[in-house]
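Containing TSV, C-alpha atoms and all ligand atoms: entry-v2.tsv.
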chain	number	residue	atom	x	y	z
K	1	MET	CA	-41.13	15.85	2.42
K	2	ILE	CA	-38.80	15.53	-0.57
K	3	ARG	CA	-38.31	11.99	-1.82
K	4	SER	CA	-34.93	11.49	-3.49
K	5	LEU	CA	-33.99	8.57	-5.69
K	6	VAL	CA	-30.26	7.82	-5.70
K	7	THR	CA	-29.21	5.34	-8.37
K	8	GLY	CA	-25.91	3.72	-7.43
K	9	GLY	CA	-26.64	4.69	-3.82
K	10	ALA	CA	-24.74	1.74	-2.34
K	11	GLY	CA	-21.58	2.78	-4.18
K	12	PHE	CA	-18.70	4.82	-2.84
K	13	ILE	CA	-20.04	8.29	-3.69
K	14	GLY	CA	-23.71	7.30	-3.63
K	15	SER	CA	-23.60	6.05	-0.04
K	16	HIS	CA	-22.03	9.28	1.19
K	17	LEU	CA	-24.62	11.24	-0.77
K	18	ALA	CA	-27.46	9.22	0.77
K	19	GLU	CA	-26.15	10.07	4.25
K	20	VAL	CA	-26.18	13.80	3.52
K	21	LEU	CA	-29.65	13.65	1.96
K	22	LEU	CA	-30.99	11.91	5.06
K	23	LEU	CA	-29.43	14.64	7.21
K	24	THR	CA	-31.33	17.27	5.21
K	25	GLY	CA	-34.60	15.53	6.16
K	26	ARG	CA	-35.28	13.91	2.79
K	27	ASP	CA	-36.76	10.48	2.20
K	28	VAL	CA	-34.11	8.49	0.33
K	29	VAL	CA	-34.64	5.58	-2.03
K	30	ILE	CA	-31.54	3.78	-3.24
K	31	LEU	CA	-31.47	1.69	-6.40
K	32	ASP	CA	-28.32	-0.40	-6.69
K	33	ASP	CA	-27.45	-3.79	-8.16
K	34	LEU	CA	-24.53	-4.21	-5.72
K	35	SER	CA	-22.15	-4.96	-8.59
K	36	THR	CA	-19.46	-2.48	-7.60
K	37	GLY	CA	-21.50	-1.07	-4.73
K	38	ASN	CA	-21.68	-2.88	-1.42
K	39	ILE	CA	-24.48	-3.09	1.10
K	40	ARG	CA	-21.87	-2.61	3.84
K	41	ASN	CA	-21.40	0.94	2.55
K	42	LEU	CA	-24.81	1.61	4.08
K	43	ASP	CA	-23.99	0.18	7.50
K	44	ASP	CA	-24.27	3.59	9.20
K	45	ILE	CA	-27.74	4.33	7.78
K	46	ARG	CA	-29.18	0.86	7.13
K	47	ASP	CA	-31.79	1.14	9.88
K	48	HIS	CA	-32.78	4.74	9.17
K	49	SER	CA	-36.56	5.07	8.98
K	50	ARG	CA	-36.38	7.35	5.92
K	51	LEU	CA	-34.06	5.07	3.91
K	52	HIS	CA	-35.37	2.48	1.46
K	53	VAL	CA	-32.99	0.22	-0.42
K	54	VAL	CA	-34.06	-1.49	-3.63
K	55	GLU	CA	-31.66	-4.06	-5.03
K	56	GLY	CA	-31.98	-4.02	-8.79
K	57	ASP	CA	-30.34	-3.31	-12.11
K	58	VAL	CA	-30.69	0.25	-13.39
K	59	ARG	CA	-31.41	-1.38	-16.79
K	60	ASN	CA	-34.61	-2.87	-15.37
K	61	TYR	CA	-36.66	-0.13	-17.00
K	62	CYS	CA	-40.02	-1.07	-15.42
K	63	LEU	CA	-38.52	-0.81	-11.98
K	64	LEU	CA	-36.66	2.36	-12.91
K	65	GLU	CA	-39.82	4.02	-14.23
K	66	LYS	CA	-41.74	3.16	-11.05
K	67	LEU	CA	-39.02	4.52	-8.77
K	68	VAL	CA	-38.57	7.68	-10.83
K	69	SER	CA	-42.35	8.29	-10.86
K	70	GLU	CA	-42.46	8.02	-7.05
K	71	ALA	CA	-39.52	10.41	-6.53
K	72	ASP	CA	-39.42	14.21	-6.43
K	73	GLU	CA	-35.79	14.35	-7.51
K	74	VAL	CA	-33.23	11.95	-8.92
K	75	TYR	CA	-29.49	11.69	-8.38
K	76	HIS	CA	-28.25	9.45	-11.17
K	77	LEU	CA	-24.91	8.00	-10.12
K	78	ALA	CA	-25.23	4.37	-11.21
K	79	ALA	CA	-22.56	3.67	-13.81
K	80	ALA	CA	-19.75	1.38	-14.81
K	81	VAL	CA	-16.67	3.18	-13.45
K	82	GLY	CA	-12.97	2.53	-12.95
K	83	VAL	CA	-10.31	2.08	-15.60
K	84	LYS	CA	-9.93	-1.68	-15.04
K	85	LEU	CA	-13.65	-2.39	-15.20
K	86	VAL	CA	-14.12	-0.26	-18.30
K	87	LEU	CA	-11.24	-1.97	-20.10
K	88	ASP	CA	-12.53	-5.39	-19.08
K	89	ASP	CA	-16.12	-4.90	-20.21
K	90	PRO	CA	-16.78	-2.23	-22.84
K	91	ILE	CA	-20.18	-3.68	-23.75
K	92	ARG	CA	-21.51	-3.50	-20.22
K	93	THR	CA	-19.97	-0.03	-19.83
K	94	ALA	CA	-21.94	1.32	-22.77
K	95	SER	CA	-25.17	-0.41	-21.80
K	96	VAL	CA	-25.10	0.68	-18.14
K	97	ASN	CA	-23.92	4.21	-18.82
K	98	VAL	CA	-26.19	5.27	-21.64
K	99	GLY	CA	-29.58	3.47	-21.72
K	100	PRO	CA	-30.64	4.18	-18.13
K	101	THR	CA	-29.71	7.87	-18.42
K	102	GLU	CA	-31.79	8.17	-21.56
K	103	ALA	CA	-34.68	6.40	-19.81
K	104	ILE	CA	-34.55	8.63	-16.72
K	105	LEU	CA	-34.53	11.71	-18.94
K	106	ARG	CA	-37.54	10.36	-20.82
K	107	PHE	CA	-39.39	9.52	-17.59
K	108	ILE	CA	-38.95	12.97	-16.05
K	109	GLY	CA	-38.84	15.16	-19.17
K	110	GLY	CA	-41.89	17.44	-19.07
K	111	THR	CA	-42.25	17.16	-15.28
K	112	SER	CA	-40.96	19.59	-12.66
K	113	LYS	CA	-38.67	16.96	-11.09
K	114	LYS	CA	-35.00	17.75	-10.75
K	115	LEU	CA	-32.16	15.55	-11.95
K	116	PHE	CA	-28.51	15.51	-10.94
K	117	LEU	CA	-26.49	13.65	-13.56
K	118	ALA	CA	-23.06	12.43	-12.52
K	119	SER	CA	-20.62	12.88	-15.37
K	120	THR	CA	-16.85	12.80	-15.30
K	121	SER	CA	-13.70	14.81	-15.92
K	122	GLU	CA	-12.73	11.91	-18.18
K	123	VAL	CA	-14.82	13.59	-20.90
K	124	TYR	CA	-12.07	16.22	-21.33
K	125	GLY	CA	-9.94	13.31	-22.51
K	126	LYS	CA	-6.49	14.36	-23.65
K	127	ASN	CA	-7.14	18.10	-23.73
K	128	PRO	CA	-3.80	19.43	-22.37
K	129	LYS	CA	-5.25	22.74	-21.14
K	130	THR	CA	-4.78	23.62	-17.48
K	131	PRO	CA	-7.08	24.26	-15.78
K	132	LEU	CA	-9.98	22.71	-17.67
K	133	SER	CA	-13.20	24.68	-17.83
K	134	GLU	CA	-16.63	23.53	-18.84
K	135	GLU	CA	-16.52	25.22	-22.27
K	136	ASP	CA	-13.29	23.45	-23.28
K	137	ASP	CA	-13.06	20.85	-26.03
K	138	LEU	CA	-13.50	17.16	-25.36
K	139	LEU	CA	-10.49	15.41	-26.94
K	140	LEU	CA	-10.99	11.67	-26.91
K	141	GLY	CA	-8.56	9.06	-28.21
K	142	PRO	CA	-9.25	6.48	-30.92
K	143	SER	CA	-11.91	3.81	-30.44
K	144	HIS	CA	-9.44	0.90	-30.39
K	145	ARG	CA	-8.10	2.31	-27.14
K	146	GLY	CA	-10.67	0.90	-24.72
K	147	ARG	CA	-10.36	3.56	-22.06
K	148	TRP	CA	-12.28	6.14	-24.09
K	149	ILE	CA	-15.58	4.31	-24.08
K	150	TYR	CA	-16.19	5.59	-20.57
K	151	ALA	CA	-15.69	9.22	-21.60
K	152	CYS	CA	-17.67	8.65	-24.76
K	153	SER	CA	-20.64	7.13	-22.89
K	154	LYS	CA	-20.70	9.94	-20.36
K	155	ALA	CA	-20.36	12.62	-23.04
K	156	LEU	CA	-23.39	11.09	-24.75
K	157	ASP	CA	-25.27	11.31	-21.44
K	158	GLU	CA	-24.39	14.99	-21.26
K	159	TYR	CA	-25.61	15.66	-24.81
K	160	LEU	CA	-28.87	13.86	-24.04
K	161	ALA	CA	-29.41	15.73	-20.78
K	162	LEU	CA	-28.75	19.11	-22.39
K	163	GLY	CA	-31.07	18.12	-25.23
K	164	TYR	CA	-33.87	17.41	-22.75
K	165	PHE	CA	-33.14	20.68	-20.94
K	166	ARG	CA	-33.51	22.63	-24.18
K	167	LYS	CA	-36.50	20.71	-25.52
K	168	THR	CA	-38.56	20.09	-22.40
K	169	GLY	CA	-37.16	22.56	-19.86
K	170	LEU	CA	-36.02	19.64	-17.71
K	171	SER	CA	-34.29	20.79	-14.49
K	172	VAL	CA	-31.03	18.95	-14.92
K	173	ILE	CA	-27.63	19.71	-13.41
K	174	ILE	CA	-24.61	17.91	-14.83
K	175	GLY	CA	-21.68	17.44	-12.49
K	176	ARG	CA	-18.32	16.60	-14.04
K	177	LEU	CA	-16.64	14.81	-11.18
K	178	PHE	CA	-12.86	15.03	-11.01
K	179	ASN	CA	-11.00	12.46	-8.90
K	180	VAL	CA	-13.04	11.80	-5.76
K	181	VAL	CA	-11.51	9.91	-2.84
K	182	GLY	CA	-12.46	8.90	0.67
K	183	PRO	CA	-13.50	6.01	2.88
K	184	ARG	CA	-15.31	3.09	1.16
K	185	GLN	CA	-13.59	3.58	-2.20
K	186	VAL	CA	-12.00	0.29	-3.24
K	187	GLY	CA	-8.88	-0.21	-5.34
K	188	ASP	CA	-10.16	-3.20	-7.26
K	189	TYR	CA	-11.19	-1.19	-10.33
K	190	GLY	CA	-8.02	0.90	-10.62
K	191	MET	CA	-8.58	3.83	-8.26
K	192	VAL	CA	-5.20	4.97	-7.14
K	193	LEU	CA	-5.55	6.10	-3.52
K	194	PRO	CA	-7.02	2.95	-1.97
K	195	ARG	CA	-4.54	0.91	-4.01
K	196	PHE	CA	-1.56	2.89	-2.73
K	197	ILE	CA	-2.77	2.74	0.87
K	198	ASN	CA	-3.43	-1.00	0.77
K	199	GLN	CA	-0.09	-1.62	-0.90
K	200	ALA	CA	1.66	0.41	1.82
K	201	LEU	CA	-0.28	-1.41	4.57
K	202	HIS	CA	0.93	-4.71	3.11
K	203	GLY	CA	4.57	-3.57	3.18
K	204	GLY	CA	4.69	-2.32	-0.42
K	205	PRO	CA	5.82	-1.75	-2.96
K	206	ILE	CA	3.57	1.14	-3.94
K	207	THR	CA	3.27	0.82	-7.72
K	208	VAL	CA	3.31	4.13	-9.55
K	209	HIS	CA	2.42	3.99	-13.23
K	210	ASP	CA	4.91	5.37	-15.72
K	211	ASP	CA	7.10	8.25	-14.48
K	212	GLY	CA	4.54	9.36	-11.89
K	213	GLN	CA	4.57	12.90	-13.25
K	214	GLN	CA	0.91	12.71	-14.28
K	215	VAL	CA	-1.14	15.28	-12.37
K	216	ARG	CA	-4.50	14.86	-10.65
K	217	CYS	CA	-6.59	16.75	-8.08
K	218	PHE	CA	-8.22	14.64	-5.38
K	219	ALA	CA	-11.36	15.86	-3.64
K	220	ASN	CA	-12.74	14.40	-0.44
K	221	VAL	CA	-16.04	12.64	-0.98
K	222	THR	CA	-17.77	14.50	1.87
K	223	ASP	CA	-16.91	17.85	0.25
K	224	VAL	CA	-18.17	16.56	-3.08
K	225	VAL	CA	-21.53	15.20	-1.91
K	226	ARG	CA	-22.23	18.36	0.09
K	227	THR	CA	-21.57	20.30	-3.11
K	228	ILE	CA	-23.95	18.10	-5.10
K	229	VAL	CA	-26.80	18.77	-2.66
K	230	GLU	CA	-26.08	22.51	-2.64
K	231	LEU	CA	-26.12	22.58	-6.44
K	232	MET	CA	-29.50	20.84	-6.47
K	233	ASP	CA	-30.82	23.70	-4.32
K	234	CYS	CA	-29.33	26.33	-6.65
K	235	PRO	CA	-31.72	27.41	-9.44
K	236	GLU	CA	-28.91	29.06	-11.44
K	237	ALA	CA	-27.19	25.67	-11.83
K	238	VAL	CA	-30.06	24.21	-13.86
K	239	GLY	CA	-29.13	23.37	-17.44
K	240	LYS	CA	-25.42	23.74	-16.71
K	241	VAL	CA	-22.39	21.49	-16.79
K	242	VAL	CA	-20.33	22.10	-13.64
K	243	ASN	CA	-16.83	20.89	-12.75
K	244	LEU	CA	-16.86	19.30	-9.29
K	245	GLY	CA	-13.81	18.41	-7.26
K	246	SER	CA	-10.62	19.88	-5.93
K	247	ASP	CA	-8.12	22.10	-7.74
K	248	GLU	CA	-5.25	21.17	-5.42
K	249	ALA	CA	-2.87	19.57	-7.93
K	250	ILE	CA	-0.48	16.74	-7.06
K	251	THR	CA	1.61	14.36	-9.14
K	252	ILE	CA	1.03	10.65	-8.67
K	253	ARG	CA	4.64	10.26	-7.48
K	254	GLN	CA	3.98	12.92	-4.82
K	255	LEU	CA	0.80	11.10	-3.84
K	256	ALA	CA	2.78	7.85	-3.43
K	257	GLU	CA	5.32	9.69	-1.25
K	258	LEU	CA	2.56	11.21	0.86
K	259	VAL	CA	0.95	7.79	1.34
K	260	ALA	CA	4.31	6.27	2.29
K	261	GLU	CA	4.92	9.05	4.81
K	262	CYS	CA	1.47	8.61	6.37
K	263	VAL	CA	1.38	4.80	6.38
K	264	THR	CA	4.91	3.36	6.62
K	265	PRO	CA	7.83	5.74	6.08
K	266	GLY	CA	10.42	4.02	3.93
K	267	VAL	CA	8.01	1.62	2.25
K	268	PRO	CA	9.37	0.98	-1.28
K	269	ILE	CA	7.86	2.86	-4.23
K	270	THR	CA	8.34	1.29	-7.68
K	271	HIS	CA	7.37	2.39	-11.17
K	272	ILE	CA	5.56	0.17	-13.64
K	273	SER	CA	4.82	0.87	-17.29
K	274	TYR	CA	1.26	1.38	-18.50
K	275	ALA	CA	1.84	-1.50	-20.93
K	276	ASP	CA	2.67	-3.88	-18.09
K	277	GLU	CA	-0.32	-2.74	-16.04
K	278	TYR	CA	-3.05	-2.25	-18.62
K	279	GLY	CA	-1.69	-3.60	-21.94
K	280	GLN	CA	-0.14	-1.99	-25.03
K	281	ASP	CA	-3.22	-0.09	-26.14
K	282	PHE	CA	-3.62	1.91	-22.96
K	283	GLU	CA	-3.11	5.64	-22.83
K	284	ASP	CA	-3.32	7.82	-19.75
K	285	VAL	CA	-4.34	11.41	-19.17
K	286	ARG	CA	-1.23	13.34	-18.15
K	287	HIS	CA	-2.77	16.43	-16.62
K	288	ARG	CA	-6.18	16.93	-15.13
K	289	VAL	CA	-6.92	20.05	-13.10
K	290	PRO	CA	-10.37	21.67	-13.00
K	291	ASP	CA	-11.25	25.32	-13.29
K	292	LEU	CA	-13.77	25.70	-10.47
K	293	THR	CA	-14.84	29.28	-11.26
K	294	ARG	CA	-18.33	28.24	-12.30
K	295	LEU	CA	-18.85	26.15	-9.18
K	296	ARG	CA	-17.57	28.96	-6.93
K	297	ASN	CA	-19.79	31.51	-8.64
K	298	LEU	CA	-22.82	29.24	-8.17
K	299	ILE	CA	-22.39	28.14	-4.56
K	300	GLY	CA	-19.26	29.74	-3.09
K	301	TYR	CA	-17.53	26.38	-2.91
K	302	ARG	CA	-14.77	25.95	-0.32
K	303	PRO	CA	-13.53	22.40	0.35
K	304	ALA	CA	-12.98	21.54	4.00
K	305	LYS	CA	-10.43	18.75	3.56
K	306	THR	CA	-6.94	18.63	2.08
K	307	ILE	CA	-5.44	15.59	0.37
K	308	ARG	CA	-3.40	14.87	3.52
K	309	ASP	CA	-6.58	14.89	5.65
K	310	THR	CA	-8.12	12.46	3.18
K	311	VAL	CA	-5.12	10.11	3.07
K	312	LEU	CA	-5.27	9.85	6.89
K	313	GLU	CA	-9.03	9.29	6.80
K	314	VAL	CA	-8.81	6.57	4.13
K	315	LEU	CA	-5.91	4.98	6.00
K	316	GLU	CA	-8.08	4.61	9.10
K	317	ALA	CA	-10.90	3.11	7.02
K	318	CYS	CA	-8.52	0.67	5.30
K	319	LYS	CA	-7.06	-0.40	8.65
K	320	ARG	CA	-10.55	-1.09	10.00
K	321	ALA	CA	-11.34	-3.16	6.88
K	322	LEU	CA	-8.10	-5.17	7.07
K	323	PRO	CA	-9.30	-8.02	9.34
K	324	MET	CA	-12.28	-8.53	7.00
K	325	ALA	CA	-9.98	-8.64	3.97
K	326	ARG	CA	-7.77	-11.41	5.39
K	327	GLY	CA	-7.75	-14.41	3.13
K	328	VAL	CA	-8.46	-12.23	0.11
K	329	ASP	CA	-5.90	-12.51	-2.68
K	330	ASP	CA	-3.54	-9.53	-2.27
K	331	SER	CA	-2.50	-9.75	-5.92
K	332	ARG	CA	-5.57	-7.65	-6.75
K	333	TYR	CA	-3.51	-4.67	-5.61
K	334	GLY	CA	-0.58	-5.63	-7.80
K	335	PRO	CA	-0.09	-5.38	-11.57
K	336	HIS	CA	-3.02	-6.30	-13.78
K	337	LYS	CA	-1.42	-7.28	-17.06
K	338	ARG	CA	-3.91	-7.59	-19.87
K	339	ASN	CA	-2.05	-8.95	-22.87
K	401	LIG	N1	-2.19	4.92	-10.89
K	401	LIG	C1	-0.97	4.46	-10.42
K	401	LIG	N2	-0.97	3.26	-9.72
K	401	LIG	C2	-2.09	2.55	-9.47
K	401	LIG	C3	-3.33	3.04	-9.94
K	401	LIG	C4	-3.34	4.24	-10.65
K	401	LIG	O1	0.09	5.08	-10.62
K	401	LIG	O2	-2.01	1.48	-8.83
K	401	LIG	C5	-2.22	6.19	-11.66
K	401	LIG	C6	-2.99	6.12	-12.98
K	401	LIG	O3	-2.17	5.66	-14.04
K	401	LIG	C7	-3.40	7.57	-13.16
K	401	LIG	C8	-3.61	8.07	-11.73
K	401	LIG	O4	-2.91	7.15	-10.88
K	401	LIG	O5	-2.39	8.32	-13.77
K	401	LIG	C9	-5.06	8.14	-11.30
K	401	LIG	O6	-5.66	6.88	-11.58
K	401	LIG	P1	-7.17	6.56	-11.26
K	401	LIG	O7	-7.50	5.30	-11.99
K	401	LIG	O8	-7.40	6.60	-9.79
K	401	LIG	O9	-7.99	7.79	-11.86
K	401	LIG	P2	-8.03	8.45	-13.34
K	401	LIG	O10	-6.98	7.81	-14.19
K	401	LIG	O11	-9.40	8.20	-13.81
K	401	LIG	O12	-7.74	9.89	-13.08
Taking this structure as input, can you express it in the form of structure tokens?
Amino acid sequence: MIRSLVTGGAGFIGSHLAEVLLLTGRDVVILDDLSTGNIRNLDDIRDHSRLHVVEGDVRNYCLLEKLVSEADEVYHLAAAVGVKLVLDDPIRTASVNVGPTEAILRFIGGTSKKLFLASTSEVYGKNPKTPLSEEDDLLLGPSHRGRWIYACSKALDEYLALGYFRKTGLSVIIGRLFNVVGPRQVGDYGMVLPRFINQALHGGPITVHDDGQQVRCFANVTDVVRTIVELMDCPEAVGKVVNLGSDEAITIRQLAELVAECVTPGVPITHISYADEYGQDFEDVRHRVPDLTRLRNLIGYRPAKTIRDTVLEVLEACKRALPMARGVDDSRYGPHKRN
């Protein structure tokens, strides 16, 4: 039986991944410090006989080494993510996103174990090309603009992983995740869809940043985790960077309108400047659409869910969570002025 280690397995994507891995018959070990992850994300699989949950920091290198040595394959998803969190704590972002990746690579370099490394479309930075393919340039902004530390840390992870692949023949697959959405994602760290849905559920307004003409592609988490597992079973993917996500483009204004239509038609939609939301030094990415040719050539990728399907699915999940959220300060879904 294959034993899979999933770091960040109690997080939004990690918990969905753990479910799929269990369905394939694997033994699954989750390492998570429950900082942005939540044990409730594992409610559906908590009692599964092949699931083992270890609560711990991915920077606990003794623990990490032990868990990696006991595993046949590793899915490394643990990271500091979300624009708000990254802006708030650049030091933690760098330390969580780089050291543990380097350690995992060191622990499994020279073995036949496989590694999936979760990277991000954020590494393309401000590259205006559409669509973005894996060979394109990474165009990051200046270091005084805090947002870029996330892209920078993940780009470093990619360089390290490719270095280990070349030097030791390590079986690593690097997935550049574009915007992933679905049940269990929370809006607290900036992610737009759960924020819009919760704002609409509370009577609005839905707060769109800037002119709302920025473009994103939102993939359903179940499509994405299925893809990750298929890539791990695809020998041709080894040593490659692969864009993962949807290429169905939508502006953020259109997303707000879709959410309004699905949740409460007529709910107000307002616009707020980036400066008011994130502070003067913030800069956004205007256009982010992946070229999925490589992914399609590798595994014949065809997503099952549209953005509308996903909005309805997340809406149901948010409604179910509402009674639990009562008493929680709703201002967390409002503006988050920084200076
Ligand atoms: N966004 C927005 N309102 C919000 C949160 C986000 O208009 O309450 C915008 C944000 O400025 C960005 C897009 O939605 O242009 C996607 O933001 P998210 O943080 O989800 O992902 P990323 O910026 O990493 O693509």
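Once all atoms listed in the file are used for the distance check, the residues close to ligand LIG 401 (chain K) at 7 Å turn out to be Gly82, Val83, Glu122, Asn179, Gly190, Met191, Val192, Leu193, Arg195, Phe196, Thr207, Val208, His209, Gly212, Gln214, Arg216, Ile252, Asp284, Val285 and Arg286 of chain K.
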So that I have them on file, write out the residues from the current selection with C-alpha atoms, as a CSV table (one decimal), in the frame of the given file.
chain,number,residue,atom,x,y,z
K,82,GLY,CA,-13.0,2.5,-13.0
K,83,VAL,CA,-10.3,2.1,-15.6
K,122,GLU,CA,-12.7,11.9,-18.2
K,179,ASN,CA,-11.0,12.5,-8.9
K,190,GLY,CA,-8.0,0.9,-10.6
K,191,MET,CA,-8.6,3.8,-8.3
K,192,VAL,CA,-5.2,5.0,-7.1
K,193,LEU,CA,-5.6,6.1,-3.5
K,195,ARG,CA,-4.5,0.9,-4.0
K,196,PHE,CA,-1.6,2.9,-2.7
K,207,THR,CA,3.3,0.8,-7.7
K,208,VAL,CA,3.3,4.1,-9.6
K,209,HIS,CA,2.4,4.0,-13.2
K,212,GLY,CA,4.5,9.4,-11.9
K,214,GLN,CA,0.9,12.7,-14.3
K,216,ARG,CA,-4.5,14.9,-10.6
K,252,ILE,CA,1.0,10.6,-8.7
K,284,ASP,CA,-3.3,7.8,-19.8
K,285,VAL,CA,-4.3,11.4,-19.2
K,286,ARG,CA,-1.2,13.3,-18.2
Find the residues near Lys305 (chain K): any atom within 7 Å, counting all atoms listed in the file, skip ones fewer than 4 places away on the same chain, and give them as a PyMOL selection string.
chain K and resi 220+309-310
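You will find CA of Val215 (chain K) at 19.9 Å from CA of Gln185 (chain K).
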Using all atoms listed in the file: which of K:Ile108, K:Val53, K:Leu244, K:Ile272 has the shortest distance to Thr168 (chain K)
K:Ile108
Give me, as JSON lines, the closest atom pair and its distance (Å, one decimal) for every residue of region 30-56 of chain K within a cut-off of 12 Å of region 84-100 of chain K, counting only C-alpha atoms, rows sorted by chain and rising number.
{"residue": "K:Asp32", "atom": "CA", "partner": "K:Val96", "partner_atom": "CA", "distance": 11.9}
{"residue": "K:Asp33", "atom": "CA", "partner": "K:Val96", "partner_atom": "CA", "distance": 11.2}
{"residue": "K:Ser35", "atom": "CA", "partner": "K:Leu85", "partner_atom": "CA", "distance": 11.1}
{"residue": "K:Thr36", "atom": "CA", "partner": "K:Leu85", "partner_atom": "CA", "distance": 9.6}
Taking (-35.8, 9.3, -2.4) in the file's coordinates as the center, which residues reach within 6 Å of it, counting all atoms listed in the file, put as a ChimeraX atom specification?
/K:3-5,27-29,71
Neighbour residues at most 10 Å from (-32.8, 2.5, 0.0) (all atoms listed in the file) as an NGL selection string
:K and (4-7 or 9-10 or 15 or 18 or 27-32 or 42 or 45-46 or 48 or 50-55)
Next, the residues of the selection above should be written as a PDB file, in the frame of the given file with C-alpha atoms.
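The result, written out as result_8.pdb:
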ATOM      1  CA  SER K   4     -34.930  11.490  -3.490  1.00  0.00           C
ATOM      2  CA  LEU K   5     -33.990   8.570  -5.690  1.00  0.00           C
ATOM      3  CA  VAL K   6     -30.260   7.820  -5.700  1.00  0.00           C
ATOM      4  CA  THR K   7     -29.210   5.340  -8.370  1.00  0.00           C
ATOM      5  CA  GLY K   9     -26.640   4.690  -3.820  1.00  0.00           C
ATOM      6  CA  ALA K  10     -24.740   1.740  -2.340  1.00  0.00           C
ATOM      7  CA  SER K  15     -23.600   6.050  -0.040  1.00  0.00           C
ATOM      8  CA  ALA K  18     -27.460   9.220   0.770  1.00  0.00           C
ATOM      9  CA  ASP K  27     -36.760  10.480   2.200  1.00  0.00           C
ATOM     10  CA  VAL K  28     -34.110   8.490   0.330  1.00  0.00           C
ATOM     11  CA  VAL K  29     -34.640   5.580  -2.030  1.00  0.00           C
ATOM     12  CA  ILE K  30     -31.540   3.780  -3.240  1.00  0.00           C
ATOM     13  CA  LEU K  31     -31.470   1.690  -6.400  1.00  0.00           C
ATOM     14  CA  ASP K  32     -28.320  -0.400  -6.690  1.00  0.00           C
ATOM     15  CA  LEU K  42     -24.810   1.610   4.080  1.00  0.00           C
ATOM     16  CA  ILE K  45     -27.740   4.330   7.780  1.00  0.00           C
ATOM     17  CA  ARG K  46     -29.180   0.860   7.130  1.00  0.00           C
ATOM     18  CA  HIS K  48     -32.780   4.740   9.170  1.00  0.00           C
ATOM     19  CA  ARG K  50     -36.380   7.350   5.920  1.00  0.00           C
ATOM     20  CA  LEU K  51     -34.060   5.070   3.910  1.00  0.00           C
ATOM     21  CA  HIS K  52     -35.370   2.480   1.460  1.00  0.00           C
ATOM     22  CA  VAL K  53     -32.990   0.220  -0.420  1.00  0.00           C
ATOM     23  CA  VAL K  54     -34.060  -1.490  -3.630  1.00  0.00           C
ATOM     24  CA  GLU K  55     -31.660  -4.060  -5.030  1.00  0.00           C
TER      25      GLU K  55
END
Quick check, in Å to one decimal: how far apart do CA of Arg40 (chain K) and CA of Val314 (chain K) lie?
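So the two atoms, CA of Arg40 (chain K) and CA of Val314 (chain K), lie 16.0 Å apart.
Using all atoms listed in the file for every distance, the candidate list K:Ala79, K:Ile250, K:Leu115, K:Ile2 yields K:Ala79 as the residue closest to Ser153 (chain K).
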With all atoms listed in the file as the atoms that count, which of K:Asp136, K:Asp57, K:Asp247, K:Asp210 lies nearest to Leu295 (chain K)?
K:Asp247
Leaving out Gly169 (chain K) and any residue of its chain fewer than 2 positions from it, which residues lie within 10 Å of it when counting all atoms listed in the file, given as an MDAnalysis selection string?
chainID K and resid 109:112 162:167 171:172 238:239
Restrict the selected residues to C-alpha atoms and save them as a PDB file, in the frame of the given file.
ATOM      1  CA  GLY K 109     -38.840  15.160 -19.170  1.00  0.00           C
ATOM      2  CA  GLY K 110     -41.890  17.440 -19.070  1.00  0.00           C
ATOM      3  CA  THR K 111     -42.250  17.160 -15.280  1.00  0.00           C
ATOM      4  CA  SER K 112     -40.960  19.590 -12.660  1.00  0.00           C
ATOM      5  CA  LEU K 162     -28.750  19.110 -22.390  1.00  0.00           C
ATOM      6  CA  GLY K 163     -31.070  18.120 -25.230  1.00  0.00           C
ATOM      7  CA  TYR K 164     -33.870  17.410 -22.750  1.00  0.00           C
ATOM      8  CA  PHE K 165     -33.140  20.680 -20.940  1.00  0.00           C
ATOM      9  CA  ARG K 166     -33.510  22.630 -24.180  1.00  0.00           C
ATOM     10  CA  LYS K 167     -36.500  20.710 -25.520  1.00  0.00           C
ATOM     11  CA  SER K 171     -34.290  20.790 -14.490  1.00  0.00           C
ATOM     12  CA  VAL K 172     -31.030  18.950 -14.920  1.00  0.00           C
ATOM     13  CA  VAL K 238     -30.060  24.210 -13.860  1.00  0.00           C
ATOM     14  CA  GLY K 239     -29.130  23.370 -17.440  1.00  0.00           C
TER      15      GLY K 239
END
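From CA of Leu201 (chain K) back to CA of Arg320 (chain K), the distance works out to 11.6 Å.
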Can you build me a table of region 67-147 of chain K residues sitting at most 7 Å from region 174-178 of chain K, with the closest atom pair per residue and its distance in Å to one decimal, using only C-alpha atoms, sorted by chain and residue number, as CSV?
residue,atom,partner,partner_atom,distance
K:Phe116,CA,K:Ile174,CA,6.0
K:Leu117,CA,K:Ile174,CA,4.8
K:Ala118,CA,K:Gly175,CA,5.2
K:Ser119,CA,K:Arg176,CA,4.6
K:Thr120,CA,K:Arg176,CA,4.3
K:Ser121,CA,K:Phe178,CA,5.0
8 Å contact set for Ile104 (chain K), all atoms listed in the file, chain neighbours under 2 positions out, as a list in words:
Leu64, Glu65, Val68, Pro100, Thr101, Glu102, Arg106, Phe107 and Ile108 of chain K
